[in-house]
Amino acid sequence: MKYMLSFVFASLMMASSCVSDVKSEMPVMGEVTVYDVDVEELSGLCLTQDTSALLSCGDQGVVKKISFTGEVSDFWEHDADMEGITVDPGTGHIFIAIEGAQKLYRLEAPDYDEYSTILYVQEAVDKEYKNSGLEGIAYYKDDIVFIGSQWGANLWQYKLDGTMVSKVSLSGFASEVAGLDYDPAGDWLWVVDSNRAELYICTVAGEHLATYKLGNISNAESVCVDRERNCVWIGSDESSPKLYKFNFTF
């Protein structure tokens, strides 16, 4: 079900974005549309390989497909705390961040009926991040993914063979990495912080570039940049899960 925010609330959202820390050459946030979506504990978002829909995941072990008008259909299920999802645009393989175990699943294209554990984020395992662990994941390039955590707002680069490439903390501007997406057009990372209800852009090295206020979204846990539709999708793990479409001028 779709509904437009009231004029007053939409105006507040616009005003919030205007007072955020955004450099003049950065994308400009516009109006927002909200959809109720049947994805329990919505925690991850990405585009499908063909960019015809969104893929989402939830804490209760579900992967679902969401249309751009909010209709939801089943895709895959497995008993795991799924917190982030991303797709390799070349192969179509889906990668899912599993909190608690602090590991990464690969769901194999094209049939998506076989999965395997391909790596563990060893620091999150050794330091027992538990339920403050892996929350965001984004496919980068050349078989490398970015992985983010709540604890320490940490951001790792990992090769898909399990080799860690780098690690930085985004704690200079974020309280956590609740959701993550890579934007190849800008060579940027987009990071959502559910504690502060803020959206950030940073470089792939972790340098902060922009902050956008998300208003009164209660638990923004996922982000997906969609330049084809001139928007950024935000998923919120609320009692009645919501999908927010923020128009952007890129």
# chains A, B, ... in the order shown; residues from 1 in each chain; ligands from 1
$ residues_around --residues "segment 194-200 of chain A" --least-positions-apart "2" --cutoff "9 Å" --atoms "only C-alpha atoms" --output "PyMOL selection string"
chain A and resi 173-179+189-192+202+208-223+236
$ write_last_selection --atoms "N, CA, C and O atoms" --output "CSV table (one decimal), in the first residue's frame"
chain,number,residue,atom,x,y,z
A,173,PHE,N,31.8,10.1,11.8
A,173,PHE,CA,30.6,10.8,11.4
A,173,PHE,C,29.3,9.9,11.5
A,173,PHE,O,28.2,10.4,11.5
A,174,ALA,N,29.5,8.6,11.8
A,174,ALA,CA,28.4,7.7,11.9
A,174,ALA,C,28.5,6.9,13.3
A,174,ALA,O,29.6,6.7,13.8
A,175,SER,N,27.3,6.6,13.8
A,175,SER,CA,27.3,5.8,15.1
A,175,SER,C,27.3,4.3,14.8
A,175,SER,O,27.6,3.5,15.7
A,176,GLU,N,27.0,4.0,13.5
A,176,GLU,CA,26.9,2.6,13.1
A,176,GLU,C,26.8,2.5,11.6
A,176,GLU,O,26.6,3.5,11.0
A,177,VAL,N,27.0,1.3,11.1
A,177,VAL,CA,26.7,1.0,9.7
A,177,VAL,C,25.5,0.1,9.7
A,177,VAL,O,25.6,-1.1,9.9
A,178,ALA,N,24.3,0.7,9.6
A,178,ALA,CA,23.1,-0.1,9.6
A,178,ALA,C,22.7,-0.7,8.2
A,178,ALA,O,22.0,-1.7,8.1
A,179,GLY,N,23.1,0.0,7.2
A,179,GLY,CA,22.9,-0.4,5.8
A,179,GLY,C,23.9,0.2,4.9
A,179,GLY,O,24.5,1.3,5.3
A,189,LEU,N,30.2,5.3,-1.4
A,189,LEU,CA,29.4,4.4,-0.6
A,189,LEU,C,28.3,5.3,0.1
A,189,LEU,O,28.6,6.4,0.5
A,190,TRP,N,27.1,4.7,0.1
A,190,TRP,CA,26.0,5.3,0.8
A,190,TRP,C,25.8,4.5,2.1
A,190,TRP,O,25.7,3.3,2.0
A,191,VAL,N,25.7,5.1,3.2
A,191,VAL,CA,25.6,4.5,4.5
A,191,VAL,C,24.4,5.0,5.3
A,191,VAL,O,24.2,6.2,5.3
A,192,VAL,N,23.6,4.1,5.8
A,192,VAL,CA,22.5,4.6,6.6
A,192,VAL,C,22.7,4.2,8.1
A,192,VAL,O,23.3,3.2,8.4
A,202,CYS,N,30.1,8.6,1.5
A,202,CYS,CA,31.5,8.7,1.8
A,202,CYS,C,32.3,8.1,0.6
A,202,CYS,O,31.7,7.4,-0.2
A,208,HIS,N,34.1,11.2,4.7
A,208,HIS,CA,32.8,11.7,4.7
A,208,HIS,C,32.6,12.8,3.7
A,208,HIS,O,33.4,13.8,3.7
A,209,LEU,N,31.5,12.7,2.9
A,209,LEU,CA,31.2,13.7,1.9
A,209,LEU,C,29.9,14.5,2.1
A,209,LEU,O,29.8,15.7,1.8
A,210,ALA,N,28.9,13.8,2.7
A,210,ALA,CA,27.6,14.4,2.8
A,210,ALA,C,26.7,13.7,3.9
A,210,ALA,O,26.9,12.5,4.1
A,211,THR,N,25.8,14.4,4.5
A,211,THR,CA,24.8,13.9,5.4
A,211,THR,C,23.5,14.4,5.1
A,211,THR,O,23.3,15.6,4.8
A,212,TYR,N,22.5,13.5,5.1
A,212,TYR,CA,21.1,13.8,4.8
A,212,TYR,C,20.3,13.3,6.0
A,212,TYR,O,20.4,12.2,6.4
A,213,LYS,N,19.4,14.2,6.5
A,213,LYS,CA,18.5,13.8,7.6
A,213,LYS,C,17.3,13.0,7.0
A,213,LYS,O,16.7,13.4,6.0
A,214,LEU,N,16.9,12.0,7.7
A,214,LEU,CA,15.8,11.2,7.3
A,214,LEU,C,14.5,11.4,8.1
A,214,LEU,O,13.5,10.6,8.0
A,215,GLY,N,14.4,12.5,8.8
A,215,GLY,CA,13.2,12.8,9.6
A,215,GLY,C,12.9,11.8,10.7
A,215,GLY,O,13.8,11.4,11.4
A,216,ASN,N,11.6,11.4,10.8
A,216,ASN,CA,11.3,10.6,11.9
A,216,ASN,C,11.2,9.1,11.6
A,216,ASN,O,10.4,8.4,12.2
A,217,ILE,N,11.9,8.6,10.6
A,217,ILE,CA,12.0,7.2,10.3
A,217,ILE,C,12.5,6.5,11.6
A,217,ILE,O,13.6,6.9,12.1
A,218,SER,N,11.8,5.5,12.0
A,218,SER,CA,12.1,5.0,13.4
A,218,SER,C,13.3,4.0,13.4
A,218,SER,O,14.0,3.9,14.4
A,219,ASN,N,13.6,3.3,12.3
A,219,ASN,CA,14.6,2.3,12.3
A,219,ASN,C,15.1,2.0,10.9
A,219,ASN,O,15.0,0.9,10.4
A,220,ALA,N,15.8,3.0,10.3
A,220,ALA,CA,16.3,2.8,8.9
A,220,ALA,C,17.5,1.9,8.9
A,220,ALA,O,18.6,2.2,9.4
A,221,GLU,N,17.3,0.7,8.3
A,221,GLU,CA,18.4,-0.3,8.4
A,221,GLU,C,18.9,-0.7,7.0
A,221,GLU,O,19.8,-1.6,7.0
A,222,SER,N,18.4,-0.1,5.9
A,222,SER,CA,18.9,-0.5,4.6
A,222,SER,C,18.8,0.6,3.6
A,222,SER,O,17.9,1.5,3.8
A,223,VAL,N,19.7,0.6,2.6
A,223,VAL,CA,19.7,1.7,1.6
A,223,VAL,C,20.0,1.0,0.3
A,223,VAL,O,20.9,0.1,0.2
A,236,SER,N,12.9,0.4,6.5
A,236,SER,CA,12.9,0.6,7.9
A,236,SER,C,12.3,-0.6,8.6
A,236,SER,O,11.2,-1.0,8.3
$ select_by_dssp --residues "segment 134-199 of chain A" --states "strand (DSSP E)" --output "VMD selection string"
chain A and resid 134 to 141 144 to 149 154 to 159 164 to 169 179 to 183 188 to 193 198 to 199
$ write_last_selection --atoms "N, CA, C and O atoms" --output "short mmCIF file (atom, residue, chain, number, x, y, z; two decimals), in the first residue's frame"
data_model
loop_
_atom_site.label_atom_id
_atom_site.label_comp_id
_atom_site.auth_asym_id
_atom_site.auth_seq_id
_atom_site.Cartn_x
_atom_site.Cartn_y
_atom_site.Cartn_z
N LEU A 134 27.44 -7.71 11.88
CA LEU A 134 27.29 -7.38 10.47
C LEU A 134 25.88 -6.90 10.16
O LEU A 134 24.90 -7.57 10.47
N GLU A 135 25.80 -5.72 9.54
CA GLU A 135 24.51 -5.12 9.21
C GLU A 135 24.41 -4.69 7.75
O GLU A 135 23.33 -4.68 7.18
N GLY A 136 25.53 -4.29 7.15
CA GLY A 136 25.50 -3.78 5.78
C GLY A 136 26.47 -4.52 4.89
O GLY A 136 27.55 -4.94 5.33
N ILE A 137 26.09 -4.67 3.62
CA ILE A 137 26.98 -5.29 2.64
C ILE A 137 26.71 -4.67 1.28
O ILE A 137 25.57 -4.34 0.94
N ALA A 138 27.78 -4.48 0.51
CA ALA A 138 27.65 -3.92 -0.84
C ALA A 138 28.72 -4.52 -1.73
O ALA A 138 29.90 -4.51 -1.38
N TYR A 139 28.29 -5.05 -2.88
CA TYR A 139 29.26 -5.53 -3.86
C TYR A 139 29.99 -4.33 -4.45
O TYR A 139 29.36 -3.33 -4.82
N TYR A 140 31.32 -4.44 -4.53
CA TYR A 140 32.15 -3.34 -5.03
C TYR A 140 32.56 -3.63 -6.48
O TYR A 140 31.91 -3.22 -7.43
N LYS A 141 33.60 -4.38 -6.67
CA LYS A 141 34.06 -4.79 -8.00
C LYS A 141 35.16 -5.82 -7.82
O LYS A 141 35.69 -5.99 -6.71
N ILE A 144 35.17 -8.19 -4.82
CA ILE A 144 35.38 -7.56 -3.52
C ILE A 144 34.05 -7.00 -3.03
O ILE A 144 33.28 -6.43 -3.81
N VAL A 145 33.77 -7.19 -1.74
CA VAL A 145 32.58 -6.62 -1.12
C VAL A 145 32.99 -5.72 0.03
O VAL A 145 34.04 -5.90 0.65
N PHE A 146 32.14 -4.73 0.31
CA PHE A 146 32.23 -3.94 1.53
C PHE A 146 31.27 -4.54 2.54
O PHE A 146 30.13 -4.90 2.19
N ILE A 147 31.70 -4.61 3.80
CA ILE A 147 30.86 -5.13 4.88
C ILE A 147 30.94 -4.14 6.04
O ILE A 147 32.03 -3.69 6.42
N GLY A 148 29.79 -3.80 6.61
CA GLY A 148 29.76 -2.84 7.71
C GLY A 148 29.12 -3.43 8.95
O GLY A 148 28.27 -4.33 8.86
N SER A 149 29.50 -2.91 10.12
CA SER A 149 28.97 -3.40 11.39
C SER A 149 28.37 -2.27 12.21
O SER A 149 28.72 -1.10 12.05
N ASN A 154 32.29 -0.03 11.87
CA ASN A 154 33.42 -0.54 11.10
C ASN A 154 33.03 -0.85 9.65
O ASN A 154 31.90 -1.25 9.37
N LEU A 155 33.99 -0.65 8.76
CA LEU A 155 33.81 -0.92 7.34
C LEU A 155 35.00 -1.72 6.85
O LEU A 155 36.14 -1.24 6.89
N TRP A 156 34.73 -2.94 6.40
CA TRP A 156 35.78 -3.81 5.86
C TRP A 156 35.62 -3.98 4.36
O TRP A 156 34.51 -3.96 3.84
N GLN A 157 36.74 -4.18 3.68
CA GLN A 157 36.74 -4.73 2.33
C GLN A 157 37.22 -6.17 2.43
O GLN A 157 38.25 -6.45 3.06
N TYR A 158 36.47 -7.08 1.80
CA TYR A 158 36.85 -8.48 1.76
C TYR A 158 36.80 -8.99 0.33
O TYR A 158 35.86 -8.68 -0.42
N LYS A 159 37.80 -9.77 -0.05
CA LYS A 159 37.70 -10.56 -1.27
C LYS A 159 36.76 -11.72 -1.01
O LYS A 159 36.64 -12.21 0.12
N MET A 164 40.84 -10.49 3.83
CA MET A 164 40.51 -9.12 4.18
C MET A 164 41.46 -8.17 3.46
O MET A 164 42.68 -8.35 3.49
N VAL A 165 40.91 -7.15 2.81
CA VAL A 165 41.70 -6.18 2.07
C VAL A 165 42.02 -4.97 2.93
O VAL A 165 43.15 -4.49 2.97
N SER A 166 41.00 -4.45 3.64
CA SER A 166 41.20 -3.24 4.45
C SER A 166 40.10 -3.12 5.48
O SER A 166 39.07 -3.80 5.40
N LYS A 167 40.34 -2.23 6.45
CA LYS A 167 39.33 -1.92 7.45
C LYS A 167 39.49 -0.47 7.87
O LYS A 167 40.62 0.00 8.11
N VAL A 168 38.37 0.26 7.95
CA VAL A 168 38.36 1.61 8.52
C VAL A 168 37.13 1.70 9.42
O VAL A 168 36.21 0.89 9.33
N SER A 169 37.13 2.70 10.30
CA SER A 169 35.95 3.00 11.10
C SER A 169 35.34 4.30 10.59
O SER A 169 36.05 5.26 10.30
N GLY A 179 23.14 0.01 7.18
CA GLY A 179 22.91 -0.41 5.81
C GLY A 179 23.94 0.25 4.92
O GLY A 179 24.50 1.29 5.26
N LEU A 180 24.17 -0.37 3.74
CA LEU A 180 25.31 0.03 2.92
C LEU A 180 24.99 -0.24 1.46
O LEU A 180 24.38 -1.26 1.12
N ASP A 181 25.42 0.68 0.57
CA ASP A 181 25.31 0.45 -0.86
C ASP A 181 26.46 1.15 -1.57
O ASP A 181 26.89 2.24 -1.16
N TYR A 182 26.95 0.52 -2.63
CA TYR A 182 28.00 1.12 -3.45
C TYR A 182 27.38 1.74 -4.69
O TYR A 182 26.54 1.12 -5.36
N ASP A 183 27.78 2.96 -5.00
CA ASP A 183 27.26 3.73 -6.13
C ASP A 183 28.39 3.91 -7.14
O ASP A 183 29.23 4.80 -6.99
N TRP A 188 31.08 6.09 -4.83
CA TRP A 188 30.78 6.42 -3.44
C TRP A 188 30.15 5.24 -2.74
O TRP A 188 29.57 4.36 -3.35
N LEU A 189 30.22 5.29 -1.41
CA LEU A 189 29.42 4.43 -0.55
C LEU A 189 28.32 5.26 0.09
O LEU A 189 28.56 6.40 0.52
N TRP A 190 27.11 4.72 0.12
CA TRP A 190 25.99 5.32 0.84
C TRP A 190 25.76 4.48 2.09
O TRP A 190 25.66 3.25 2.02
N VAL A 191 25.68 5.14 3.23
CA VAL A 191 25.59 4.47 4.53
C VAL A 191 24.39 5.02 5.27
O VAL A 191 24.20 6.24 5.33
N VAL A 192 23.58 4.13 5.84
CA VAL A 192 22.45 4.58 6.65
C VAL A 192 22.71 4.25 8.11
O VAL A 192 23.30 3.21 8.44
N ASP A 193 22.31 5.18 8.99
CA ASP A 193 22.53 5.07 10.43
C ASP A 193 21.15 5.11 11.10
O ASP A 193 20.49 6.15 11.11
N GLU A 198 19.97 9.08 9.83
CA GLU A 198 20.75 9.86 8.88
C GLU A 198 21.28 8.96 7.76
O GLU A 198 21.50 7.76 7.96
N LEU A 199 21.48 9.57 6.61
CA LEU A 199 22.05 8.92 5.44
C LEU A 199 23.33 9.66 5.08
O LEU A 199 23.34 10.89 5.03
#
$ closest_residue --among "A:Gln102, A:Asp187, A:Val34, A:Leu107" --to "Val63 of chain A" --atoms "only C-alpha atoms"
A:Leu107
$ select_by_dssp --residues "segment 118-151 of chain A" --states "helix (DSSP H, G or I)" --output "PyMOL selection string"
chain A and resi 122-126+130-132+151
$ residues_around --residues "Gln49 of chain A" --least-positions-apart "2" --cutoff "8 Å" --atoms "only C-alpha atoms" --output "MDAnalysis selection string"
chainID A and resid 47 51:52 87:90 92
$ write_last_selection --atoms "all heavy atoms" --output "JSON list (two decimals), in the first residue's frame"
[["chain", "number", "residue", "atom", "x", "y", "z"],
["A", 47, "LEU", "N", 19.14, -3.80, -5.58],
["A", 47, "LEU", "CA", 18.48, -4.04, -6.85],
["A", 47, "LEU", "C", 18.76, -5.45, -7.34],
["A", 47, "LEU", "O", 19.84, -6.01, -7.08],
["A", 47, "LEU", "CB", 18.97, -3.04, -7.90],
["A", 47, "LEU", "CG", 18.51, -1.58, -7.74],
["A", 47, "LEU", "CD1", 19.32, -0.68, -8.65],
["A", 47, "LEU", "CD2", 17.02, -1.44, -8.01],
["A", 51, "THR", "N", 17.88, -5.03, -12.52],
["A", 51, "THR", "CA", 17.37, -3.76, -11.99],
["A", 51, "THR", "C", 15.87, -3.59, -12.20],
["A", 51, "THR", "O", 15.37, -2.48, -12.22],
["A", 51, "THR", "CB", 18.12, -2.54, -12.57],
["A", 51, "THR", "OG1", 17.76, -2.33, -13.93],
["A", 51, "THR", "CG2", 19.62, -2.68, -12.43],
["A", 52, "SER", "N", 15.13, -4.70, -12.30],
["A", 52, "SER", "CA", 13.69, -4.61, -12.53],
["A", 52, "SER", "C", 12.87, -4.61, -11.24],
["A", 52, "SER", "O", 11.65, -4.42, -11.27],
["A", 52, "SER", "CB", 13.22, -5.79, -13.39],
["A", 52, "SER", "OG", 13.40, -7.02, -12.70],
["A", 87, "VAL", "N", 24.02, -7.82, -4.70],
["A", 87, "VAL", "CA", 24.09, -8.66, -5.90],
["A", 87, "VAL", "C", 25.34, -8.30, -6.69],
["A", 87, "VAL", "O", 25.65, -7.12, -6.87],
["A", 87, "VAL", "CB", 22.84, -8.47, -6.79],
["A", 87, "VAL", "CG1", 23.00, -9.19, -8.12],
["A", 87, "VAL", "CG2", 21.59, -8.96, -6.08],
["A", 88, "ASP", "N", 26.05, -9.33, -7.16],
["A", 88, "ASP", "CA", 27.12, -9.13, -8.13],
["A", 88, "ASP", "C", 26.46, -8.87, -9.48],
["A", 88, "ASP", "O", 25.80, -9.77, -10.03],
["A", 88, "ASP", "CB", 28.00, -10.37, -8.19],
["A", 88, "ASP", "CG", 29.12, -10.28, -9.22],
["A", 88, "ASP", "OD1", 29.06, -9.42, -10.12],
["A", 88, "ASP", "OD2", 30.06, -11.10, -9.14],
["A", 89, "PRO", "N", 26.57, -7.65, -10.04],
["A", 89, "PRO", "CA", 25.86, -7.35, -11.29],
["A", 89, "PRO", "C", 26.35, -8.16, -12.47],
["A", 89, "PRO", "O", 25.64, -8.28, -13.48],
["A", 89, "PRO", "CB", 26.11, -5.85, -11.49],
["A", 89, "PRO", "CG", 27.36, -5.57, -10.73],
["A", 89, "PRO", "CD", 27.34, -6.50, -9.55],
["A", 90, "GLY", "N", 27.54, -8.73, -12.37],
["A", 90, "GLY", "CA", 28.07, -9.54, -13.46],
["A", 90, "GLY", "C", 27.54, -10.96, -13.46],
["A", 90, "GLY", "O", 27.03, -11.45, -14.47],
["A", 92, "GLY", "N", 25.22, -12.24, -11.08],
["A", 92, "GLY", "CA", 23.89, -12.37, -10.52],
["A", 92, "GLY", "C", 23.87, -13.07, -9.17],
["A", 92, "GLY", "O", 22.80, -13.20, -8.56]]
$ residues_around --residues "Asn230 of chain A" --least-positions-apart "3" --cutoff "7 Å" --atoms "only C-alpha atoms" --output "list of chain:residue names"
A:Asp226, A:Arg227, A:Asn247, A:Phe248, A:Thr249
$ residues_around --residues "Leu45 of chain A" --least-positions-apart "3" --cutoff "7 Å" --atoms "only C-alpha atoms" --output "count of residues only"
10
$ atom_distance --atom1 "atom CA of Gln150 of chain A" --atom2 "atom CA of Gly133 of chain A"
5.6 Å
$ closest_residue --among "A:Val225, A:Met29, A:Val22, A:Val62" --to "Ala185 of chain A" --atoms "only C-alpha atoms"
A:Val225
$ atom_distance --atom1 "atom CA of Asp81 of chain A" --atom2 "atom CA of Gly61 of chain A"
5.8 Å
$ closest_residue --among "A:Val39, A:Met26, A:Ile98, A:Ala53" --to "Arg229 of chain A" --atoms "only C-alpha atoms"
A:Ala53
$ closest_atom_pairs --of "segment 17-108 of chain A" --to "segment 122-126 of chain A" --cutoff "12 Å" --atoms "only C-alpha atoms" --output "JSON lines"
{"residue": "A:Ile98", "atom": "CA", "partner": "A:Ala124", "partner_atom": "CA", "distance": 11.4}
{"residue": "A:Glu99", "atom": "CA", "partner": "A:Ala124", "partner_atom": "CA", "distance": 9.4}
{"residue": "A:Gly100", "atom": "CA", "partner": "A:Val125", "partner_atom": "CA", "distance": 8.3}
{"residue": "A:Ala101", "atom": "CA", "partner": "A:Val125", "partner_atom": "CA", "distance": 7.1}
{"residue": "A:Gln102", "atom": "CA", "partner": "A:Val125", "partner_atom": "CA", "distance": 6.1}
{"residue": "A:Lys103", "atom": "CA", "partner": "A:Gln122", "partner_atom": "CA", "distance": 8.6}
{"residue": "A:Leu104", "atom": "CA", "partner": "A:Gln122", "partner_atom": "CA", "distance": 11.4}
$ write_last_selection --atoms "N, CA and C atoms" --output "short mmCIF file (atom, residue, chain, number, x, y, z; two decimals), in the first residue's frame"
data_model
loop_
_atom_site.label_atom_id
_atom_site.label_comp_id
_atom_site.auth_asym_id
_atom_site.auth_seq_id
_atom_site.Cartn_x
_atom_site.Cartn_y
_atom_site.Cartn_z
N ILE A 98 25.11 -12.26 7.48
CA ILE A 98 24.45 -12.97 8.58
C ILE A 98 25.03 -12.49 9.90
N GLU A 99 24.20 -11.80 10.69
CA GLU A 99 24.65 -11.31 11.99
C GLU A 99 24.63 -12.47 12.98
N GLY A 100 25.31 -12.28 14.11
CA GLY A 100 25.42 -13.36 15.09
C GLY A 100 26.57 -14.26 14.74
N ALA A 101 26.45 -14.98 13.63
CA ALA A 101 27.56 -15.82 13.15
C ALA A 101 28.63 -15.00 12.45
N GLN A 102 28.31 -13.75 12.04
CA GLN A 102 29.25 -12.82 11.42
C GLN A 102 29.87 -13.42 10.15
N LYS A 103 29.01 -13.90 9.28
CA LYS A 103 29.48 -14.57 8.08
C LYS A 103 28.71 -14.10 6.86
N LEU A 104 29.16 -14.58 5.70
CA LEU A 104 28.56 -14.19 4.42
C LEU A 104 28.09 -15.43 3.69
#
$ residues_around --residues "Tyr115 of chain A" --least-positions-apart "2" --cutoff "12 Å" --atoms "only C-alpha atoms" --output "PyMOL selection string"
chain A and resi 76-78+93-96+104-113+117-118
$ write_last_selection --atoms "C-alpha atoms" --output "PDB file, in the first residue's frame"
ATOM      1  CA  TRP A  76      14.056 -17.543  -0.694  1.00  0.00           C
ATOM      2  CA  GLU A  77      14.007 -18.657   2.944  1.00  0.00           C
ATOM      3  CA  HIS A  78      16.626 -19.942   5.345  1.00  0.00           C
ATOM      4  CA  HIS A  93      25.052 -14.180  -7.360  1.00  0.00           C
ATOM      5  CA  ILE A  94      23.404 -12.832  -4.212  1.00  0.00           C
ATOM      6  CA  PHE A  95      25.411 -12.220  -1.040  1.00  0.00           C
ATOM      7  CA  ILE A  96      23.755 -12.004   2.382  1.00  0.00           C
ATOM      8  CA  LEU A 104      28.555 -14.186   4.421  1.00  0.00           C
ATOM      9  CA  TYR A 105      26.277 -16.433   2.393  1.00  0.00           C
ATOM     10  CA  ARG A 106      26.433 -16.739  -1.376  1.00  0.00           C
ATOM     11  CA  LEU A 107      23.157 -17.676  -3.075  1.00  0.00           C
ATOM     12  CA  GLU A 108      24.015 -19.017  -6.511  1.00  0.00           C
ATOM     13  CA  ALA A 109      22.560 -17.633  -9.752  1.00  0.00           C
ATOM     14  CA  PRO A 110      20.617 -18.368 -11.836  1.00  0.00           C
ATOM     15  CA  ASP A 111      18.375 -20.769  -9.902  1.00  0.00           C
ATOM     16  CA  TYR A 112      19.008 -19.389  -6.390  1.00  0.00           C
ATOM     17  CA  ASP A 113      18.394 -22.757  -4.754  1.00  0.00           C
ATOM     18  CA  THR A 117      29.109 -19.822   3.537  1.00  0.00           C
ATOM     19  CA  ILE A 118      32.017 -18.119   1.791  1.00  0.00           C
TER      20      ILE A 118
END
$ decode --residues "segment 186-193 of chain A" --atoms "all heavy atoms" --output "short mmCIF file (atom, residue, chain, number, x, y, z; two decimals), in the first residue's frame"
data_model
loop_
_atom_site.label_atom_id
_atom_site.label_comp_id
_atom_site.auth_asym_id
_atom_site.auth_seq_id
_atom_site.Cartn_x
_atom_site.Cartn_y
_atom_site.Cartn_z
N GLY A 186 29.23 7.48 -8.86
CA GLY A 186 30.00 8.46 -8.11
C GLY A 186 31.25 7.89 -7.49
O GLY A 186 32.08 8.62 -6.96
N ASP A 187 31.40 6.55 -7.56
CA ASP A 187 32.43 5.81 -6.83
C ASP A 187 32.32 6.15 -5.34
O ASP A 187 33.31 6.44 -4.68
CB ASP A 187 33.83 6.13 -7.36
CG ASP A 187 34.88 5.13 -6.86
OD1 ASP A 187 34.51 3.97 -6.59
OD2 ASP A 187 36.06 5.53 -6.72
N TRP A 188 31.08 6.09 -4.83
CA TRP A 188 30.78 6.42 -3.44
C TRP A 188 30.15 5.24 -2.74
O TRP A 188 29.57 4.36 -3.35
CB TRP A 188 29.75 7.56 -3.36
CG TRP A 188 30.15 8.87 -3.95
CD1 TRP A 188 31.39 9.43 -3.98
CD2 TRP A 188 29.27 9.80 -4.60
NE1 TRP A 188 31.34 10.65 -4.60
CE2 TRP A 188 30.06 10.91 -4.99
CE3 TRP A 188 27.91 9.82 -4.88
CZ2 TRP A 188 29.52 12.01 -5.65
CZ3 TRP A 188 27.36 10.91 -5.54
CH2 TRP A 188 28.16 11.99 -5.92
N LEU A 189 30.22 5.29 -1.41
CA LEU A 189 29.42 4.43 -0.55
C LEU A 189 28.32 5.26 0.09
O LEU A 189 28.56 6.40 0.52
CB LEU A 189 30.28 3.79 0.54
CG LEU A 189 31.26 2.73 0.08
CD1 LEU A 189 32.20 2.36 1.23
CD2 LEU A 189 30.53 1.48 -0.41
N TRP A 190 27.11 4.72 0.12
CA TRP A 190 25.99 5.32 0.84
C TRP A 190 25.76 4.48 2.09
O TRP A 190 25.66 3.25 2.02
CB TRP A 190 24.74 5.34 -0.02
CG TRP A 190 24.82 6.23 -1.23
CD1 TRP A 190 25.63 6.08 -2.31
CD2 TRP A 190 24.03 7.41 -1.48
NE1 TRP A 190 25.41 7.09 -3.23
CE2 TRP A 190 24.43 7.91 -2.75
CE3 TRP A 190 23.03 8.08 -0.78
CZ2 TRP A 190 23.87 9.05 -3.32
CZ3 TRP A 190 22.46 9.21 -1.34
CH2 TRP A 190 22.88 9.70 -2.59
N VAL A 191 25.68 5.14 3.23
CA VAL A 191 25.59 4.47 4.53
C VAL A 191 24.39 5.02 5.27
O VAL A 191 24.20 6.24 5.33
CB VAL A 191 26.87 4.71 5.37
CG1 VAL A 191 26.78 4.01 6.73
CG2 VAL A 191 28.12 4.26 4.61
N VAL A 192 23.58 4.13 5.84
CA VAL A 192 22.45 4.58 6.65
C VAL A 192 22.71 4.25 8.11
O VAL A 192 23.30 3.21 8.44
CB VAL A 192 21.12 3.98 6.14
CG1 VAL A 192 21.04 2.49 6.39
CG2 VAL A 192 19.93 4.69 6.75
N ASP A 193 22.31 5.18 8.99
CA ASP A 193 22.53 5.07 10.43
C ASP A 193 21.15 5.11 11.10
O ASP A 193 20.49 6.15 11.11
CB ASP A 193 23.39 6.25 10.89
CG ASP A 193 23.79 6.19 12.35
OD1 ASP A 193 23.01 5.66 13.16
OD2 ASP A 193 24.87 6.71 12.70
#
